[in-house]
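Comments concern the structure below.
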Amino acid sequence: MTDKTFGELSYEYGWNGKLMLNWLGKEEDVDLVVYGEEEEGISDYQRECFTAFLSAWPDLQAEVLNEIYLYYQKLVKELGYGDGSHPDYPLLGEAADLKDHIHLDLISFFEEGIYEGRCVGLAFSCSWDDENGCGVLLIDEHVEEVGYQDLVF
């Protein structure tokens, strides 16, 4: 189906498509998932979330990167790798150092009522955890939570 806001989508456990998105100065081909039942289609709420997300994205990237950096620093400390002794958890001096360690893979748009506000999920693959990756939950175009990728599925 072709949605007026999301473009070309196919259905398999949610509406799936692709989106070209600038992530830290580089155009990325990102998977797109819009959750819901096939019979119900895409809601106006999900279209509103998508439009608001795209409008905020140029300024939101710095916040997302910084929050992932803070999450990473906390994780490194909790795991006892703060001395740089583990090759998968290098010491990073600032948020910008994460650029080579994360990749934006997927953006998800939830159904209305699951969270309060406009909710968008970002799933990243990351060099330090191939299995769990990193997920960022956005509410009203601000980072609400950072954790494993399953946070956004």
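Just so we're on the same page: first chain in the structure tokens is A, next is B, and so on; residues restart at 1 for each chain, and ligands are numbered from 1 in the order they show up.
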
Original post:
Where does DSSP see alpha helix (DSSP H) in chain A, if you list the residues as number ranges by chain?
Top reply: A: 44-79

Please produce, as CSV, a per-residue contact table for stretch 47-99 of chain A versus stretch 8-28 of chain A (criterion: any atom at most 9 Å away, only C-alpha atoms considered), showing the nearest atom pair and its distance in Å to one decimal, sorted by chain then residue number.
```
residue,atom,partner,partner_atom,distance
A:Leu54,CA,A:Leu21,CA,8.9
A:Trp57,CA,A:Asn22,CA,8.7
A:Pro58,CA,A:Asn22,CA,8.1
A:Gln61,CA,A:Leu24,CA,7.0
A:Ala62,CA,A:Leu24,CA,8.3
A:Leu65,CA,A:Leu24,CA,8.9
A:Lys99,CA,A:Leu24,CA,7.7
```

Original post:
Restricting the calculation to only C-alpha atoms, which member of A:Asp83, A:Asp31, A:Asp3, A:Glu67 is positioned closest to A:Asp44?
Top reply: A:Asp3

Original post:
Quick one: distance from atom CA of A:Tyr71 to atom CA of A:Val146 in Å, one decimal?
Top reply: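 So the two atoms, atom CA of A:Tyr71 and atom CA of A:Val146, lie 6.6 Å apart.
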
**OP:** Could you find all residues in stretch 11-149 of chain A that DSSP calls strand (DSSP E) from the backbone, and write them as a ChimeraX atom specification?
**Re:** /A:11,15-23,26-34,102-109,119-126,134-139,142-147

Original post:
For the atom pair atom CA of A:Glu145 and atom CA of A:Ser55, what is the interatomic distance in Å to one decimal place?
Top reply: 20.4 Å

Subject >> Nearest-residue call for A:Arg118, choices A:Glu141, A:Gly133, A:Asp150, A:His103, using only C-alpha atoms >> reply: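 Comparing A:Glu141, A:Gly133, A:Asp150, A:His103 against A:Arg118, the winner is A:Glu141.
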
Original post:
Out of A:Ile102, A:Tyr45, A:Val76, A:Glu63, which residue has the shortest atom-to-atom distance to A:Tyr115 when counting only C-alpha atoms?
Top reply: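 Looking at the shortest contact to A:Tyr115, the residue is A:Tyr45.
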
Original post:
Which residue out of A:Phe110, A:Tyr69, A:Tyr148, A:Phe153 has the minimum interatomic distance to A:Val34 when only C-alpha atoms are used?
Top reply: A:Phe110

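Take atom CA of A:Ser125 and atom CA of A:Leu137: the distance between them is 14.8 Å.
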
Original post:
Could you name the residues that touch A:Leu122 at 6 Å or less, counting only C-alpha atoms, but leaving out those on the same chain fewer than 3 positions away, as a ChimeraX atom specification?
Top reply: /A:106-107,135-136

Subject >> A:Asp100 environment, 9 Å, only C-alpha atoms, sequence neighbours closer than 4 positions dropped, as an MDAnalysis selection string >> reply: chainID A and resid 96 126:127

**OP:** Can you work out which one of A:Asn132, A:Leu151, A:Phe6, A:Leu70 has the shortest atom-to-atom distance to A:Leu98, counting only C-alpha atoms?
**Re:**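 So, comparing all the options, the nearest one is A:Leu70.
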
Any idea what's packed within 12 Å of A:Asp88, counting only C-alpha atoms, ignoring anything in its chain fewer than 4 positions away? Could you give it as a PDB file with C-alpha atoms, in the first residue's frame?
```pdb
ATOM      1  CA  TYR A  72      27.129   3.824  27.280  1.00  0.00           C
ATOM      2  CA  LEU A  75      27.001   0.601  31.079  1.00  0.00           C
ATOM      3  CA  VAL A  76      30.813   0.599  30.891  1.00  0.00           C
ATOM      4  CA  LEU A  79      30.323  -3.806  33.722  1.00  0.00           C
ATOM      5  CA  TYR A  81      35.246  -1.816  31.864  1.00  0.00           C
ATOM      6  CA  GLY A  82      35.921   1.804  32.808  1.00  0.00           C
ATOM      7  CA  GLY A  84      39.349   0.402  28.751  1.00  0.00           C
ATOM      8  CA  LEU A  92      35.108   7.360  24.634  1.00  0.00           C
ATOM      9  CA  HIS A 101      30.205   2.553  17.118  1.00  0.00           C
ATOM     10  CA  CYS A 126      26.213  -1.011  18.224  1.00  0.00           C
ATOM     11  CA  SER A 127      29.751  -2.340  18.381  1.00  0.00           C
ATOM     12  CA  TRP A 128      29.604  -3.119  22.092  1.00  0.00           C
ATOM     13  CA  ASP A 129      26.526  -5.387  22.030  1.00  0.00           C
ATOM     14  CA  ASP A 130      25.736  -7.181  18.761  1.00  0.00           C
TER      15      ASP A 130
END
```

**OP:** Tell me, as a PyMOL selection string, which residues lie within 12 Å of A:Gln46, counting only C-alpha atoms; anything in the same chain fewer than 2 positions away does not count.
**Re:** chain A and resi 3-6+15+33-36+41-44+48-53+108-114+117-120

Give me a file of those residues, with N, CA and C atoms, as a PDB file, in the first residue's frame.
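File part_11.pdb, as written:
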```
ATOM      1  N   ASP A   3       0.922   4.864   1.586  1.00  0.00           N
ATOM      2  CA  ASP A   3       0.310   5.761   2.560  1.00  0.00           C
ATOM      3  C   ASP A   3       0.681   7.198   2.211  1.00  0.00           C
ATOM      4  N   LYS A   4      -0.245   8.123   2.421  1.00  0.00           N
ATOM      5  CA  LYS A   4      -0.024   9.523   2.062  1.00  0.00           C
ATOM      6  C   LYS A   4       1.111  10.178   2.850  1.00  0.00           C
ATOM      7  N   THR A   5       1.457   9.649   4.010  1.00  0.00           N
ATOM      8  CA  THR A   5       2.522  10.226   4.834  1.00  0.00           C
ATOM      9  C   THR A   5       3.783   9.370   4.823  1.00  0.00           C
ATOM     10  N   PHE A   6       3.623   8.060   5.006  1.00  0.00           N
ATOM     11  CA  PHE A   6       4.761   7.149   5.136  1.00  0.00           C
ATOM     12  C   PHE A   6       5.287   6.640   3.802  1.00  0.00           C
ATOM     13  N   TRP A  15       3.176  -2.438   9.616  1.00  0.00           N
ATOM     14  CA  TRP A  15       3.448  -1.858   8.303  1.00  0.00           C
ATOM     15  C   TRP A  15       4.933  -1.555   8.204  1.00  0.00           C
ATOM     16  N   VAL A  33       8.892   0.858  10.746  1.00  0.00           N
ATOM     17  CA  VAL A  33       7.801  -0.012  11.182  1.00  0.00           C
ATOM     18  C   VAL A  33       6.720   0.852  11.812  1.00  0.00           C
ATOM     19  N   VAL A  34       5.501   0.676  11.321  1.00  0.00           N
ATOM     20  CA  VAL A  34       4.335   1.350  11.886  1.00  0.00           C
ATOM     21  C   VAL A  34       3.446   0.245  12.439  1.00  0.00           C
ATOM     22  N   TYR A  35       3.356   0.173  13.773  1.00  0.00           N
ATOM     23  CA  TYR A  35       2.627  -0.918  14.404  1.00  0.00           C
ATOM     24  C   TYR A  35       1.122  -0.764  14.267  1.00  0.00           C
ATOM     25  N   GLY A  36       0.445  -1.897  14.159  1.00  0.00           N
ATOM     26  CA  GLY A  36      -1.006  -1.922  14.080  1.00  0.00           C
ATOM     27  C   GLY A  36      -1.469  -3.124  13.283  1.00  0.00           C
ATOM     28  N   GLY A  41      -5.099  -0.220   9.173  1.00  0.00           N
ATOM     29  CA  GLY A  41      -4.250   0.723   8.446  1.00  0.00           C
ATOM     30  C   GLY A  41      -3.460   1.636   9.378  1.00  0.00           C
ATOM     31  N   ILE A  42      -3.054   2.760   8.850  1.00  0.00           N
ATOM     32  CA  ILE A  42      -2.246   3.739   9.574  1.00  0.00           C
ATOM     33  C   ILE A  42      -3.178   4.780  10.190  1.00  0.00           C
ATOM     34  N   SER A  43      -2.913   5.138  11.441  1.00  0.00           N
ATOM     35  CA  SER A  43      -3.781   6.109  12.118  1.00  0.00           C
ATOM     36  C   SER A  43      -3.268   7.542  11.928  1.00  0.00           C
ATOM     37  N   ASP A  44      -4.164   8.491  12.138  1.00  0.00           N
ATOM     38  CA  ASP A  44      -3.767   9.906  12.092  1.00  0.00           C
ATOM     39  C   ASP A  44      -2.747  10.208  13.174  1.00  0.00           C
ATOM     40  N   GLU A  48       0.847  11.894  12.621  1.00  0.00           N
ATOM     41  CA  GLU A  48       1.263  13.063  13.406  1.00  0.00           C
ATOM     42  C   GLU A  48       2.630  12.819  14.052  1.00  0.00           C
ATOM     43  N   CYS A  49       2.840  11.623  14.602  1.00  0.00           N
ATOM     44  CA  CYS A  49       4.132  11.266  15.211  1.00  0.00           C
ATOM     45  C   CYS A  49       5.251  11.350  14.176  1.00  0.00           C
ATOM     46  N   PHE A  50       4.992  10.833  12.987  1.00  0.00           N
ATOM     47  CA  PHE A  50       5.987  10.821  11.915  1.00  0.00           C
ATOM     48  C   PHE A  50       6.344  12.249  11.488  1.00  0.00           C
ATOM     49  N   THR A  51       5.337  13.062  11.272  1.00  0.00           N
ATOM     50  CA  THR A  51       5.548  14.442  10.831  1.00  0.00           C
ATOM     51  C   THR A  51       6.297  15.244  11.887  1.00  0.00           C
ATOM     52  N   ALA A  52       5.893  15.111  13.152  1.00  0.00           N
ATOM     53  CA  ALA A  52       6.564  15.825  14.246  1.00  0.00           C
ATOM     54  C   ALA A  52       8.011  15.344  14.392  1.00  0.00           C
ATOM     55  N   PHE A  53       8.221  14.035  14.272  1.00  0.00           N
ATOM     56  CA  PHE A  53       9.568  13.474  14.358  1.00  0.00           C
ATOM     57  C   PHE A  53      10.472  14.048  13.266  1.00  0.00           C
ATOM     58  N   SER A 108      10.478   3.061  14.709  1.00  0.00           N
ATOM     59  CA  SER A 108       9.156   2.467  14.906  1.00  0.00           C
ATOM     60  C   SER A 108       8.164   3.508  15.413  1.00  0.00           C
ATOM     61  N   PHE A 109       6.941   3.357  14.953  1.00  0.00           N
ATOM     62  CA  PHE A 109       5.849   4.241  15.340  1.00  0.00           C
ATOM     63  C   PHE A 109       4.764   3.377  15.979  1.00  0.00           C
ATOM     64  N   PHE A 110       4.505   3.647  17.237  1.00  0.00           N
ATOM     65  CA  PHE A 110       3.586   2.834  18.026  1.00  0.00           C
ATOM     66  C   PHE A 110       2.131   3.254  17.812  1.00  0.00           C
ATOM     67  N   GLU A 111       1.233   2.408  18.272  1.00  0.00           N
ATOM     68  CA  GLU A 111      -0.183   2.734  18.244  1.00  0.00           C
ATOM     69  C   GLU A 111      -0.490   3.725  19.373  1.00  0.00           C
ATOM     70  N   GLU A 112      -1.513   4.488  19.200  1.00  0.00           N
ATOM     71  CA  GLU A 112      -1.916   5.474  20.193  1.00  0.00           C
ATOM     72  C   GLU A 112      -2.337   4.787  21.488  1.00  0.00           C
ATOM     73  N   GLY A 113      -1.989   5.400  22.616  1.00  0.00           N
ATOM     74  CA  GLY A 113      -2.411   4.896  23.912  1.00  0.00           C
ATOM     75  C   GLY A 113      -1.401   4.025  24.618  1.00  0.00           C
ATOM     76  N   ILE A 114      -0.363   3.591  23.922  1.00  0.00           N
ATOM     77  CA  ILE A 114       0.658   2.763  24.569  1.00  0.00           C
ATOM     78  C   ILE A 114       1.507   3.632  25.493  1.00  0.00           C
ATOM     79  N   GLY A 117       1.658  10.769  24.876  1.00  0.00           N
ATOM     80  CA  GLY A 117       2.376  11.667  23.981  1.00  0.00           C
ATOM     81  C   GLY A 117       2.718  10.971  22.674  1.00  0.00           C
ATOM     82  N   ARG A 118       3.388  11.722  21.794  1.00  0.00           N
ATOM     83  CA  ARG A 118       3.821  11.174  20.499  1.00  0.00           C
ATOM     84  C   ARG A 118       5.038  10.286  20.749  1.00  0.00           C
ATOM     85  N   CYS A 119       4.923   9.031  20.385  1.00  0.00           N
ATOM     86  CA  CYS A 119       5.972   8.063  20.712  1.00  0.00           C
ATOM     87  C   CYS A 119       6.626   7.507  19.458  1.00  0.00           C
ATOM     88  N   VAL A 120       7.958   7.530  19.445  1.00  0.00           N
ATOM     89  CA  VAL A 120       8.762   7.003  18.348  1.00  0.00           C
ATOM     90  C   VAL A 120       9.910   6.205  18.960  1.00  0.00           C
TER      91      VAL A 120
END
```
